[in-house]
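Source file: upload_17.cif; contents: mmCIF, C-alpha atoms.
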data_entry
loop_
_atom_site.group_PDB
_atom_site.id
_atom_site.type_symbol
_atom_site.label_atom_id
_atom_site.label_comp_id
_atom_site.auth_asym_id
_atom_site.auth_seq_id
_atom_site.Cartn_x
_atom_site.Cartn_y
_atom_site.Cartn_z
ATOM 1 C CA MET N 285 -49.541 21.202 47.890
ATOM 2 C CA ASP N 286 -49.526 17.941 46.143
ATOM 3 C CA VAL N 287 -46.276 15.958 45.992
ATOM 4 C CA ARG N 288 -46.433 15.760 42.199
ATOM 5 C CA THR N 289 -46.777 19.526 41.898
ATOM 6 C CA SER N 290 -43.780 20.099 44.147
ATOM 7 C CA LEU N 291 -41.687 17.625 42.120
ATOM 8 C CA ILE N 292 -42.583 19.374 38.866
ATOM 9 C CA LEU N 293 -41.843 22.770 40.417
ATOM 10 C CA ALA N 294 -38.437 21.522 41.672
ATOM 11 C CA ALA N 295 -37.576 20.094 38.241
ATOM 12 C CA VAL N 296 -38.416 23.422 36.576
ATOM 13 C CA MET N 297 -36.337 25.341 39.118
ATOM 14 C CA LEU N 298 -33.332 23.055 38.520
ATOM 15 C CA ALA N 299 -33.677 23.294 34.739
ATOM 16 C CA LEU N 300 -33.515 27.112 34.672
ATOM 17 C CA PRO N 301 -29.827 27.379 35.769
ATOM 18 C CA ALA N 302 -28.876 24.662 33.273
ATOM 19 C CA GLN N 303 -30.645 26.656 30.537
ATOM 20 C CA ALA N 304 -28.792 29.820 31.552
ATOM 21 C CA GLN N 305 -25.418 28.085 31.254
ATOM 22 C CA GLN N 306 -26.066 27.379 27.586
ATOM 23 C CA ILE N 307 -26.354 31.051 26.612
ATOM 24 C CA ARG N 308 -23.652 32.154 24.188
ATOM 25 C CA SER N 309 -22.351 35.618 23.498
ATOM 26 C CA ALA N 310 -24.032 37.399 20.611
ATOM 27 C CA THR N 311 -21.055 37.909 18.304
ATOM 28 C CA GLY N 312 -22.827 36.846 15.154
ATOM 29 C CA PRO N 313 -22.132 33.869 12.927
ATOM 30 C CA GLN N 314 -18.556 32.657 12.993
ATOM 31 C CA PRO N 315 -16.733 32.323 9.637
ATOM 32 C CA LEU N 316 -15.897 28.843 8.501
ATOM 33 C CA PRO N 317 -12.258 27.820 8.912
ATOM 34 C CA LYS N 318 -10.224 28.419 5.767
ATOM 35 C CA TYR N 319 -8.856 25.404 3.939
ATOM 36 C CA LYS N 320 -5.086 25.474 3.639
ATOM 37 C CA ALA N 321 -3.826 23.314 0.817
ATOM 38 C CA GLY N 322 -0.557 21.592 1.520
ATOM 39 C CA PRO N 323 2.304 21.464 -0.916
ATOM 40 C CA PRO N 324 1.613 19.330 -3.980
ATOM 41 C CA ARG N 325 2.973 15.831 -3.637
ATOM 42 C CA ALA N 326 4.309 13.857 -6.530
ATOM 43 C CA HIS N 327 2.616 10.486 -6.738
ATOM 44 C CA ASN N 328 4.537 7.901 -8.658
ATOM 45 C CA PRO N 329 2.637 4.606 -8.344
ATOM 46 C CA GLY N 330 5.382 2.580 -10.025
ATOM 47 C CA ALA N 331 8.226 3.954 -7.950
ATOM 48 C CA GLU N 332 7.901 1.402 -5.160
ATOM 49 C CA PRO N 333 7.424 -2.012 -6.778
ATOM 50 C CA MET N 334 5.409 -4.618 -4.939
ATOM 51 C CA LYS N 335 7.448 -7.344 -3.297
ATOM 52 C CA CYS N 336 6.435 -10.185 -5.598
ATOM 53 C CA ASP N 337 9.699 -12.061 -4.960
ATOM 54 C CA GLN N 338 8.506 -12.969 -1.462
ATOM 55 C CA PHE N 339 6.237 -15.696 -2.842
ATOM 56 C CA ALA N 340 7.707 -19.180 -3.182
ATOM 57 C CA ASP N 341 5.167 -20.344 -5.768
ATOM 58 C CA PRO N 342 6.056 -19.050 -9.262
ATOM 59 C CA ARG N 343 2.362 -18.788 -10.147
ATOM 60 C CA MET N 344 1.823 -16.405 -7.228
ATOM 61 C CA ARG N 345 4.816 -14.339 -8.379
ATOM 62 C CA LEU N 346 3.294 -14.060 -11.866
ATOM 63 C CA LEU N 347 -0.112 -13.149 -10.437
ATOM 64 C CA CYS N 348 1.473 -10.516 -8.203
ATOM 65 C CA ALA N 349 3.402 -9.071 -11.156
ATOM 66 C CA ASP N 350 0.207 -8.917 -13.252
ATOM 67 C CA ILE N 351 -1.674 -7.167 -10.446
ATOM 68 C CA GLU N 352 1.191 -4.709 -10.008
ATOM 69 C CA LYS N 353 1.340 -3.992 -13.740
ATOM 70 C CA ALA N 354 -2.415 -3.402 -13.963
ATOM 71 C CA TYR N 355 -2.407 -1.156 -10.889
ATOM 72 C CA VAL N 356 0.548 0.964 -11.985
ATOM 73 C CA GLN N 357 -0.628 1.410 -15.561
ATOM 74 C CA GLY N 358 -4.229 2.086 -14.531
ATOM 75 C CA GLU N 359 -3.183 4.654 -11.939
ATOM 76 C CA ALA N 360 -0.931 6.442 -14.432
ATOM 77 C CA ARG N 361 -3.710 6.459 -17.037
ATOM 78 C CA ARG N 362 -6.195 7.800 -14.486
ATOM 79 C CA GLN N 363 -3.880 10.645 -13.486
ATOM 80 C CA GLY N 364 -2.874 11.462 -17.059
ATOM 81 C CA LEU N 365 0.751 10.540 -16.444
ATOM 82 C CA PRO N 366 3.077 8.716 -18.830
ATOM 83 C CA THR N 367 2.504 4.989 -18.648
ATOM 84 C CA PRO N 368 5.153 2.908 -16.884
ATOM 85 C CA SER N 369 6.567 -0.151 -18.563
ATOM 86 C CA ALA N 370 5.290 -3.622 -17.770
ATOM 87 C CA GLU N 371 8.788 -5.080 -17.451
ATOM 88 C CA LEU N 372 11.275 -4.387 -14.688
ATOM 89 C CA VAL N 373 14.973 -3.935 -15.443
ATOM 90 C CA ARG N 374 17.813 -4.499 -12.971
ATOM 91 C CA LEU N 375 20.104 -1.493 -12.515
ATOM 92 C CA PRO N 376 22.622 -0.536 -9.845
ATOM 93 C CA ALA N 377 21.411 1.756 -7.085
ATOM 94 C CA TYR N 378 21.936 5.501 -7.355
ATOM 95 C CA GLY N 379 25.253 6.600 -5.873
ATOM 96 C CA SER N 380 26.999 3.235 -6.171
ATOM 97 C CA ALA N 381 30.367 2.901 -7.919
ATOM 98 C CA GLU N 382 28.826 0.637 -10.573
ATOM 99 C CA SER N 383 26.119 3.203 -11.415
ATOM 100 C CA LYS N 384 28.775 5.912 -11.811
ATOM 101 C CA ARG N 385 30.792 3.645 -14.118
ATOM 102 C CA LEU N 386 27.734 2.552 -16.109
ATOM 103 C CA GLY N 387 26.118 5.994 -16.327
ATOM 104 C CA ALA N 388 22.675 4.646 -15.380
ATOM 105 C CA ALA N 389 20.991 4.072 -12.043
ATOM 106 C CA CYS N 390 17.752 2.993 -10.432
ATOM 107 C CA MET N 391 16.258 5.955 -8.555
ATOM 108 C CA GLY N 392 13.102 5.208 -6.625
ATOM 109 C CA GLY N 393 11.966 2.530 -9.050
ATOM 110 C CA THR N 394 12.649 4.635 -12.168
ATOM 111 C CA ALA N 395 15.520 3.871 -14.573
ATOM 112 C CA MET N 396 17.627 6.983 -15.130
ATOM 113 C CA ARG N 397 20.580 7.761 -17.421
ATOM 114 C CA ARG N 398 23.326 10.230 -16.565
ATOM 115 C CA LEU N 399 23.666 13.284 -18.831
ATOM 116 C CA SER N 400 26.320 15.997 -18.765
ATOM 117 C CA ASN N 401 23.941 18.364 -16.941
ATOM 118 C CA GLY N 402 21.696 15.986 -14.972
ATOM 119 C CA TRP N 403 19.641 12.836 -15.357
ATOM 120 C CA GLU N 404 17.228 11.580 -18.008
ATOM 121 C CA GLN N 405 14.369 9.152 -17.485
ATOM 122 C CA LEU N 406 14.749 6.075 -19.690
ATOM 123 C CA ARG N 407 11.908 4.981 -21.958
ATOM 124 C CA ASN N 408 11.288 1.840 -23.980
ATOM 125 C CA ALA N 409 10.348 1.649 -27.676
ATOM 126 C CA LYS N 410 6.636 2.185 -26.859
ATOM 127 C CA GLY N 411 7.373 5.448 -25.030
ATOM 128 C CA GLU N 412 6.679 3.985 -21.598
ATOM 129 C CA TRP N 413 9.083 4.919 -18.813
ATOM 130 C CA LEU N 414 11.231 2.037 -17.619
ATOM 131 C CA ARG N 415 10.728 0.739 -14.110
ATOM 132 C CA CYS N 416 13.658 -0.835 -12.322
ATOM 133 C CA ARG N 417 14.841 -2.604 -9.195
ATOM 134 C CA ASP N 418 18.197 -2.277 -7.499
ATOM 135 C CA GLN N 419 20.686 -5.044 -8.173
#
As structure tokens:
Amino acid sequence: MDVRTSLILAAVMLALPAQAQQIRSATGPQPLPKYKAGPPRAHNPGAEPMKCDQFADPRMRLLCADIEKAYVQGEARRQGLPTPSAELVRLPAYGSAESKRLGAACMGGTAMRRLSNGWEQLRNAKGEWLRCRDQ
């Protein structure tokens, strides 16, 4: 026998066990995994204001504020949500003694007013909800 023939025969003999290891059980097609939707998450793009105060240059602060305003209003418009206000108001943080005395607080970037049975989101004259920062 020729050396080439014996090499080819050996390669074929070694390939047969490898082919046999790839055989799968005949259980039929497997169903696709089911998609499980998680709980809906509220997305409030204006709730966490950008940190524009970190810039020393006042022009950079104005640019940052303009970018933030455009992002927040565009995102709300895209999602069909009420538009947030362009201006930021300073209010005491929720739970502080001053907020209890005043009857208004900043909760997650949204200005809220205390009612007898809960809280109400504050709006400006244009109907936009007021954004705020903690004092």
From the options N:Pro315, N:Pro376, N:Pro368, N:Gly402, which residue's atoms come nearest to Leu414 in chain N, counting only C-alpha atoms?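 With only C-alpha atoms as the atom set, the closest residue is N:Pro368.
Interatomic distance, CA of Leu386 in chain N to CA of Leu406 in chain N: 13.9 Å.
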One-decimal distance in Å that lies between CA of Asp337 in chain N and CA of Met396 in chain N: 23.0 Å
If you measure from CA of Trp403 in chain N to CA of Asp418 in chain N, what distance in Å do you get, rounded to one decimal? 17.1 Å
Residue members of the PyMOL selection byres ((chain N and resi 377) around 7) in the file shown, as a PyMOL selection string: chain N and resi 375-376+378-380+383+389-391+418-419
For the file shown, what are the residues hit by the PyMOL selection byres ((chain N and resi 373) around 6), laid out as a PyMOL selection string? chain N and resi 372+374+416
Determine the axis-aligned bounding box of all atoms of range 408-416 of chain N present in the file, pad each side by 5 Å, and express its centre and edge lengths in Å to one decimal place as JSON.
{"center_x": 10.1, "center_y": 2.3, "center_z": -20.0, "size_x": 17.0, "size_y": 16.3, "size_z": 25.4}
Find, counting all atoms listed in the file, the residue in N:Glu412, N:Asp341, N:Glu404, N:Glu371 that gets nearest to Gly387 in chain N.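 Checking each of N:Glu412, N:Asp341, N:Glu404, N:Glu371 against Gly387 in chain N, counting all atoms listed in the file, the winner is N:Glu404.
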Which residue is closest to Ala370 in chain N? Choose from N:Ala294, N:Ala349, N:Ala395, N:Ala388 and count all atoms listed in the file. N:Ala349
Evaluating the PyMOL selection byres ((chain N and resi 366) around 10) on the displayed file yields which residues, as a VMD selection string? chain N and resid 357 360 to 361 363 to 365 367 to 369 411 to 413
